[in-house]
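Reviewing the structure listed below.
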Amino acid sequence: MKKLILAFVACLFYFSLSAQQSVAVYWDASYSMKDRDIDRELKFLGNYFKKHQEAVVTLKVFSNDIIQQEVVEVTGGDWSSLERELRSTIYDGASSYGFLFDDQVDEFLLFTDGYAKLGKLDPPTAKPINIVSSLKDTDTNALKLIADKSGGRFFYLPKEFEPEVKEKKELFTSNQSDGFIEGEVKGADGILANVSVVNQSNNQGVASGVDGSYRIEADEGDILIFSYLGKKTVSVRVAGADIINITMADINQSLDEV
C-alpha cells in the first residue's frame with residue numbers, strides 16, 4: 001500500500017512538472033531600446049502569463065553581452081518578480097544575439113527592435129520564437145520572417161499605429177474562428193507589406209508580411225485596426241471570422257471622394 005501511495009505522489013509530481021510552461025524571455029537592453037513602450041510590452045507578458053499560469057522562465061537581459069541571467073518561477077499567474085526586474089533595466093550598448101537561443105525551453109519570447117550592430121540575428125528554429133517590439137523604428141520584415149520560419153509569431157505594438165478611428169466599422173462573418181484571424185492586405189496598386197494590424201481589445205499587434213499576409217489572435221467582438229502611412233485607416237469588428245482580407249484606400253483618394 002505504501003508503495004502505491006508513493007507511486008501516486010510521484011505521478012502527481014511528474015504531471016505538475018509537465019504542466020509547467022518553460023519559456024526563455026530575452027530582453028534587449030541595448031541603447032536603441034531605451035524608448036520602448038515598456039507598459040505595452042509588459043502588458044503583453046501579463047496576457048501571456050494569464051494563459052500560462054505555471055511557468056519556468058529563463059530570463060536573459062542582454063545588449064552586446066548578457067547583462068543579467070536568472071530563472072524565475074511563475075506560480076498561479078504571479079509574475080510580479082519578473083516584472084520588477086524588467087522595469088529596472090538600464091539601457092546601454094549595442095545588440096548582439098550570438099549568445100541567445102541555447103536554452104532548452106518550449107518556446108522563446110524575444111523583445112527587440114531587430115537591429116543588431118554586433119552580429120546578425122539568425123537563430124535556430126527548433127522551437128517557436130515569438131518576437132515583440134513596441135518601437136516604431138523596428139526591422140519588422142526581418143523579425144516577421146524569423147518568427148514565421150520558427151513557427152512563432154511577430155507582435156508589433158507601437159502606440160503610434162493606433163490612430164483615432166473615424167471610419168465606419170465593418171462587420172465580417174464567416175466560419176467559426178479558432179481564435180486567430182488571418183488574411184491579406186492590399187492597396188490600389190497591389191499587396192501592402194508592413195501594415196500595422198492591432199487588436200484594440202488587448203493592444204497586441206502584428207505587421208503584414210512581404211506577401212501582404214497577416215495572422216493575429218482575436219475573439220468575436222474584438223476590433224482590428226489596420227493602419228499604414230498614406231492609407232485610410234480601416235477598423236474591423238470580428239464576428240466569428242477566420243479570414244479577413246482588407247483593401248486600403250489612399251488618403252488622397254478618400255479626400256477626393258468627399
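If you're wondering about the labels, chains in the C-alpha cells are A, B, ... by order shown, residues count from 1 in each chain, ligands from 1 in order shown.
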
(Q) Taking only region 42-79 of chain A into account, list the residues labelled strand (DSSP E) by DSSP (computed from the backbone), as an MDAnalysis selection string. (A) chainID A and resid 55:62 66:74

Q.
Using only C-alpha atoms, which protein or nucleic acid residues come within 12 Å of Ser95 (chain A)? Drop anything in the same chain fewer than 5 positions from it, and give the result as a list in words.
A.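 Listing them by chain and then by number gives Tyr26, Trp27, Asp28, Ala29, Ser30, Tyr31, Ser32, Met33, Val61, Phe62, Ser63, Asn64, Asp65, Ile66, Ile67, Leu100, Phe111, Thr112, Asp113, Gly114, Tyr115, Ala116, Lys117, Leu118, Gly119, Lys120 and Leu121 of chain A.
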
For the selection you just gave me, I'd like the residues written to a file as a JSON list (two decimals), in the first residue's frame, keeping C-alpha atoms.
```json
[["chain", "number", "residue", "atom", "x", "y", "z"],
["A", 26, "TYR", "CA", 15.22, 37.56, -23.97],
["A", 27, "TRP", "CA", 15.02, 41.26, -23.12],
["A", 28, "ASP", "CA", 17.03, 43.63, -25.32],
["A", 29, "ALA", "CA", 18.66, 46.30, -23.13],
["A", 30, "SER", "CA", 20.68, 47.99, -25.87],
["A", 31, "TYR", "CA", 20.58, 51.78, -26.10],
["A", 32, "SER", "CA", 18.23, 51.72, -29.11],
["A", 33, "MET", "CA", 15.56, 50.15, -26.87],
["A", 61, "VAL", "CA", 18.73, 40.69, -20.26],
["A", 62, "PHE", "CA", 21.26, 41.49, -22.97],
["A", 63, "SER", "CA", 22.90, 44.10, -25.16],
["A", 64, "ASN", "CA", 26.39, 43.38, -26.51],
["A", 65, "ASP", "CA", 26.70, 40.75, -23.75],
["A", 66, "ILE", "CA", 24.49, 39.01, -21.20],
["A", 67, "ILE", "CA", 23.80, 41.63, -18.52],
["A", 100, "LEU", "CA", 20.92, 33.54, -27.21],
["A", 111, "PHE", "CA", 11.81, 41.57, -27.08],
["A", 112, "THR", "CA", 13.90, 43.58, -29.55],
["A", 113, "ASP", "CA", 13.81, 46.02, -32.47],
["A", 114, "GLY", "CA", 15.84, 43.64, -34.64],
["A", 115, "TYR", "CA", 18.76, 45.98, -35.28],
["A", 116, "ALA", "CA", 21.96, 44.07, -34.50],
["A", 117, "LYS", "CA", 25.16, 46.10, -34.56],
["A", 118, "LEU", "CA", 27.31, 43.18, -33.41],
["A", 119, "GLY", "CA", 26.16, 40.20, -35.42],
["A", 120, "LYS", "CA", 23.18, 39.08, -37.46],
["A", 121, "LEU", "CA", 20.03, 37.73, -35.83]]
```

Q.
If we count only C-alpha atoms and set the cut-off at 10 Å, which residues sit around Ala126 (chain A), ignoring sequence neighbours fewer than 4 positions away in its own chain? Please answer as a ChimeraX atom specification.
A. /A:101,106-107,149-151

Looking only at the backbone, which of the residues in region 11-255 of chain A does DSSP tag as alpha helix (DSSP H), as a PDB file with N, CA and C atoms, in the first residue's frame?
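New file states00.pdb:
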```pdb
ATOM      1  N   CYS A  11       3.602  10.324  -9.481  1.00  0.00           N
ATOM      2  CA  CYS A  11       2.861  10.648 -10.708  1.00  0.00           C
ATOM      3  C   CYS A  11       2.326  12.075 -10.658  1.00  0.00           C
ATOM      4  N   LEU A  12       1.776  12.449  -9.498  1.00  0.00           N
ATOM      5  CA  LEU A  12       1.276  13.813  -9.352  1.00  0.00           C
ATOM      6  C   LEU A  12       2.392  14.826  -9.551  1.00  0.00           C
ATOM      7  N   PHE A  13       3.558  14.538  -8.976  1.00  0.00           N
ATOM      8  CA  PHE A  13       4.701  15.436  -9.114  1.00  0.00           C
ATOM      9  C   PHE A  13       5.132  15.545 -10.570  1.00  0.00           C
ATOM     10  N   TYR A  14       5.153  14.404 -11.268  1.00  0.00           N
ATOM     11  CA  TYR A  14       5.564  14.398 -12.675  1.00  0.00           C
ATOM     12  C   TYR A  14       4.614  15.229 -13.520  1.00  0.00           C
ATOM     13  N   PHE A  15       3.305  15.028 -13.310  1.00  0.00           N
ATOM     14  CA  PHE A  15       2.335  15.749 -14.137  1.00  0.00           C
ATOM     15  C   PHE A  15       2.304  17.236 -13.799  1.00  0.00           C
ATOM     16  N   SER A  16       2.596  17.591 -12.541  1.00  0.00           N
ATOM     17  CA  SER A  16       2.653  19.013 -12.199  1.00  0.00           C
ATOM     18  C   SER A  16       3.822  19.683 -12.903  1.00  0.00           C
ATOM     19  N   LEU A  17       4.945  18.954 -13.028  1.00  0.00           N
ATOM     20  CA  LEU A  17       6.094  19.496 -13.744  1.00  0.00           C
ATOM     21  C   LEU A  17       5.807  19.612 -15.230  1.00  0.00           C
ATOM     22  N   SER A  18       5.171  18.570 -15.795  1.00  0.00           N
ATOM     23  CA  SER A  18       4.920  18.573 -17.230  1.00  0.00           C
ATOM     24  C   SER A  18       3.911  19.640 -17.620  1.00  0.00           C
ATOM     25  N   ILE A  38       7.378  50.338 -22.499  1.00  0.00           N
ATOM     26  CA  ILE A  38       7.519  49.188 -21.606  1.00  0.00           C
ATOM     27  C   ILE A  38       6.174  48.725 -21.057  1.00  0.00           C
ATOM     28  N   ASP A  39       5.237  49.660 -20.874  1.00  0.00           N
ATOM     29  CA  ASP A  39       3.925  49.263 -20.353  1.00  0.00           C
ATOM     30  C   ASP A  39       3.204  48.340 -21.327  1.00  0.00           C
ATOM     31  N   ARG A  40       3.315  48.632 -22.615  1.00  0.00           N
ATOM     32  CA  ARG A  40       2.651  47.792 -23.617  1.00  0.00           C
ATOM     33  C   ARG A  40       3.322  46.427 -23.719  1.00  0.00           C
ATOM     34  N   GLU A  41       4.647  46.404 -23.638  1.00  0.00           N
ATOM     35  CA  GLU A  41       5.353  45.130 -23.727  1.00  0.00           C
ATOM     36  C   GLU A  41       5.095  44.273 -22.484  1.00  0.00           C
ATOM     37  N   LEU A  42       5.031  44.920 -21.325  1.00  0.00           N
ATOM     38  CA  LEU A  42       4.746  44.165 -20.109  1.00  0.00           C
ATOM     39  C   LEU A  42       3.289  43.712 -20.065  1.00  0.00           C
ATOM     40  N   LYS A  43       2.402  44.488 -20.677  1.00  0.00           N
ATOM     41  CA  LYS A  43       1.010  44.041 -20.774  1.00  0.00           C
ATOM     42  C   LYS A  43       0.930  42.779 -21.628  1.00  0.00           C
ATOM     43  N   PHE A  44       1.741  42.730 -22.673  1.00  0.00           N
ATOM     44  CA  PHE A  44       1.819  41.518 -23.490  1.00  0.00           C
ATOM     45  C   PHE A  44       2.244  40.329 -22.629  1.00  0.00           C
ATOM     46  N   LEU A  45       3.282  40.523 -21.810  1.00  0.00           N
ATOM     47  CA  LEU A  45       3.738  39.443 -20.930  1.00  0.00           C
ATOM     48  C   LEU A  45       2.663  39.058 -19.920  1.00  0.00           C
ATOM     49  N   GLY A  46       1.953  40.060 -19.413  1.00  0.00           N
ATOM     50  CA  GLY A  46       0.871  39.773 -18.475  1.00  0.00           C
ATOM     51  C   GLY A  46      -0.189  38.884 -19.095  1.00  0.00           C
ATOM     52  N   ASN A  47      -0.536  39.165 -20.352  1.00  0.00           N
ATOM     53  CA  ASN A  47      -1.507  38.325 -21.058  1.00  0.00           C
ATOM     54  C   ASN A  47      -0.958  36.917 -21.273  1.00  0.00           C
ATOM     55  N   TYR A  48       0.348  36.843 -21.529  1.00  0.00           N
ATOM     56  CA  TYR A  48       0.979  35.534 -21.730  1.00  0.00           C
ATOM     57  C   TYR A  48       0.859  34.679 -20.468  1.00  0.00           C
ATOM     58  N   PHE A  49       1.113  35.299 -19.308  1.00  0.00           N
ATOM     59  CA  PHE A  49       1.082  34.530 -18.063  1.00  0.00           C
ATOM     60  C   PHE A  49      -0.337  34.330 -17.533  1.00  0.00           C
ATOM     61  N   LYS A  50      -1.305  35.015 -18.104  1.00  0.00           N
ATOM     62  CA  LYS A  50      -2.692  34.655 -17.822  1.00  0.00           C
ATOM     63  C   LYS A  50      -3.018  33.320 -18.482  1.00  0.00           C
ATOM     64  N   LYS A  51      -2.412  33.102 -19.639  1.00  0.00           N
ATOM     65  CA  LYS A  51      -2.629  31.850 -20.367  1.00  0.00           C
ATOM     66  C   LYS A  51      -1.766  30.728 -19.798  1.00  0.00           C
ATOM     67  N   SER A  80       5.113  38.939 -10.848  1.00  0.00           N
ATOM     68  CA  SER A  80       5.486  40.267 -10.355  1.00  0.00           C
ATOM     69  C   SER A  80       6.995  40.424 -10.175  1.00  0.00           C
ATOM     70  N   SER A  81       7.681  39.366  -9.746  1.00  0.00           N
ATOM     71  CA  SER A  81       9.132  39.481  -9.565  1.00  0.00           C
ATOM     72  C   SER A  81       9.829  39.688 -10.906  1.00  0.00           C
ATOM     73  N   LEU A  82       9.346  39.014 -11.936  1.00  0.00           N
ATOM     74  CA  LEU A  82       9.906  39.196 -13.277  1.00  0.00           C
ATOM     75  C   LEU A  82       9.625  40.610 -13.784  1.00  0.00           C
ATOM     76  N   GLU A  83       8.430  41.103 -13.546  1.00  0.00           N
ATOM     77  CA  GLU A  83       8.076  42.461 -13.974  1.00  0.00           C
ATOM     78  C   GLU A  83       8.989  43.494 -13.321  1.00  0.00           C
ATOM     79  N   ARG A  84       9.267  43.327 -12.036  1.00  0.00           N
ATOM     80  CA  ARG A  84      10.149  44.272 -11.337  1.00  0.00           C
ATOM     81  C   ARG A  84      11.546  44.277 -11.957  1.00  0.00           C
ATOM     82  N   GLU A  85      12.043  43.099 -12.292  1.00  0.00           N
ATOM     83  CA  GLU A  85      13.371  43.008 -12.903  1.00  0.00           C
ATOM     84  C   GLU A  85      13.404  43.753 -14.236  1.00  0.00           C
ATOM     85  N   LEU A  86      12.385  43.570 -15.050  1.00  0.00           N
ATOM     86  CA  LEU A  86      12.371  44.189 -16.374  1.00  0.00           C
ATOM     87  C   LEU A  86      12.211  45.705 -16.281  1.00  0.00           C
ATOM     88  N   ARG A  87      11.424  46.170 -15.337  1.00  0.00           N
ATOM     89  CA  ARG A  87      11.236  47.620 -15.186  1.00  0.00           C
ATOM     90  C   ARG A  87      12.507  48.319 -14.701  1.00  0.00           C
ATOM     91  N   THR A 140      10.761  45.252 -39.045  1.00  0.00           N
ATOM     92  CA  THR A 140       9.584  44.385 -38.988  1.00  0.00           C
ATOM     93  C   THR A 140       9.655  43.226 -39.974  1.00  0.00           C
ATOM     94  N   ASN A 141      10.117  43.487 -41.188  1.00  0.00           N
ATOM     95  CA  ASN A 141      10.143  42.419 -42.193  1.00  0.00           C
ATOM     96  C   ASN A 141      11.065  41.280 -41.773  1.00  0.00           C
ATOM     97  N   ALA A 142      12.259  41.629 -41.278  1.00  0.00           N
ATOM     98  CA  ALA A 142      13.212  40.600 -40.863  1.00  0.00           C
ATOM     99  C   ALA A 142      12.691  39.822 -39.657  1.00  0.00           C
ATOM    100  N   LEU A 143      12.110  40.529 -38.692  1.00  0.00           N
ATOM    101  CA  LEU A 143      11.628  39.858 -37.487  1.00  0.00           C
ATOM    102  C   LEU A 143      10.442  38.951 -37.789  1.00  0.00           C
ATOM    103  N   LYS A 144       9.548  39.400 -38.649  1.00  0.00           N
ATOM    104  CA  LYS A 144       8.401  38.560 -39.013  1.00  0.00           C
ATOM    105  C   LYS A 144       8.870  37.306 -39.747  1.00  0.00           C
ATOM    106  N   LEU A 145       9.868  37.461 -40.611  1.00  0.00           N
ATOM    107  CA  LEU A 145      10.393  36.310 -41.345  1.00  0.00           C
ATOM    108  C   LEU A 145      10.993  35.284 -40.391  1.00  0.00           C
ATOM    109  N   ILE A 146      11.757  35.757 -39.408  1.00  0.00           N
ATOM    110  CA  ILE A 146      12.378  34.854 -38.430  1.00  0.00           C
ATOM    111  C   ILE A 146      11.315  34.148 -37.597  1.00  0.00           C
ATOM    112  N   ALA A 147      10.322  34.914 -37.134  1.00  0.00           N
ATOM    113  CA  ALA A 147       9.257  34.319 -36.319  1.00  0.00           C
ATOM    114  C   ALA A 147       8.473  33.280 -37.117  1.00  0.00           C
ATOM    115  N   ASP A 148       8.098  33.630 -38.338  1.00  0.00           N
ATOM    116  CA  ASP A 148       7.328  32.701 -39.175  1.00  0.00           C
ATOM    117  C   ASP A 148       8.119  31.425 -39.459  1.00  0.00           C
ATOM    118  N   LYS A 149       9.400  31.583 -39.728  1.00  0.00           N
ATOM    119  CA  LYS A 149      10.247  30.430 -40.054  1.00  0.00           C
ATOM    120  C   LYS A 149      10.328  29.449 -38.889  1.00  0.00           C
ATOM    121  N   SER A 150      10.288  29.974 -37.672  1.00  0.00           N
ATOM    122  CA  SER A 150      10.421  29.121 -36.487  1.00  0.00           C
ATOM    123  C   SER A 150       9.094  28.517 -36.038  1.00  0.00           C
ATOM    124  N   ILE A 251      -5.212  58.013 -48.805  1.00  0.00           N
ATOM    125  CA  ILE A 251      -5.828  59.150 -48.117  1.00  0.00           C
ATOM    126  C   ILE A 251      -6.275  60.198 -49.122  1.00  0.00           C
ATOM    127  N   ASN A 252      -5.465  60.472 -50.130  1.00  0.00           N
ATOM    128  CA  ASN A 252      -5.836  61.462 -51.146  1.00  0.00           C
ATOM    129  C   ASN A 252      -7.089  61.041 -51.889  1.00  0.00           C
ATOM    130  N   GLN A 253      -7.173  59.730 -52.174  1.00  0.00           N
ATOM    131  CA  GLN A 253      -8.355  59.210 -52.851  1.00  0.00           C
ATOM    132  C   GLN A 253      -9.591  59.423 -51.996  1.00  0.00           C
ATOM    133  N   SER A 254      -9.454  59.200 -50.683  1.00  0.00           N
ATOM    134  CA  SER A 254     -10.584  59.371 -49.776  1.00  0.00           C
ATOM    135  C   SER A 254     -11.031  60.821 -49.741  1.00  0.00           C
ATOM    136  N   LEU A 255     -10.055  61.761 -49.752  1.00  0.00           N
ATOM    137  CA  LEU A 255     -10.397  63.174 -49.724  1.00  0.00           C
ATOM    138  C   LEU A 255     -11.106  63.593 -51.002  1.00  0.00           C
TER     139      LEU A 255
END
```

Q.
When you count only C-alpha atoms, which of these residues is closest to Ala218 (chain A): A:Ala249, A:Val238, A:Leu157, A:Val71?
A. A:Val238

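The space separating CA of Leu229 (chain A) from CA of Asp122 (chain A) comes to 29.1 Å.
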
Q. Expressed in Å to a single decimal, how great is the separation between CA of Leu192 (chain A) and CA of Gly221 (chain A)?
A. 25.4 Å

Q. Nearest to Ile243 (chain A): which of A:Arg36, A:Lys127, A:Lys60, A:Arg215 is it, counting only C-alpha atoms?
A.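 Among A:Arg36, A:Lys127, A:Lys60, A:Arg215, it is A:Arg215 that comes nearest to Ile243 (chain A).
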
Q. Leaving out Val72 (chain A) and any residue of its chain fewer than 3 positions from it, which residues lie within 10 Å of it when counting only C-alpha atoms, given as a list in words?
A. Ala55, Val56, Val57, Thr58, Leu59, Gln69, Thr75, Trp79, Ser81 and Leu82 of chain A
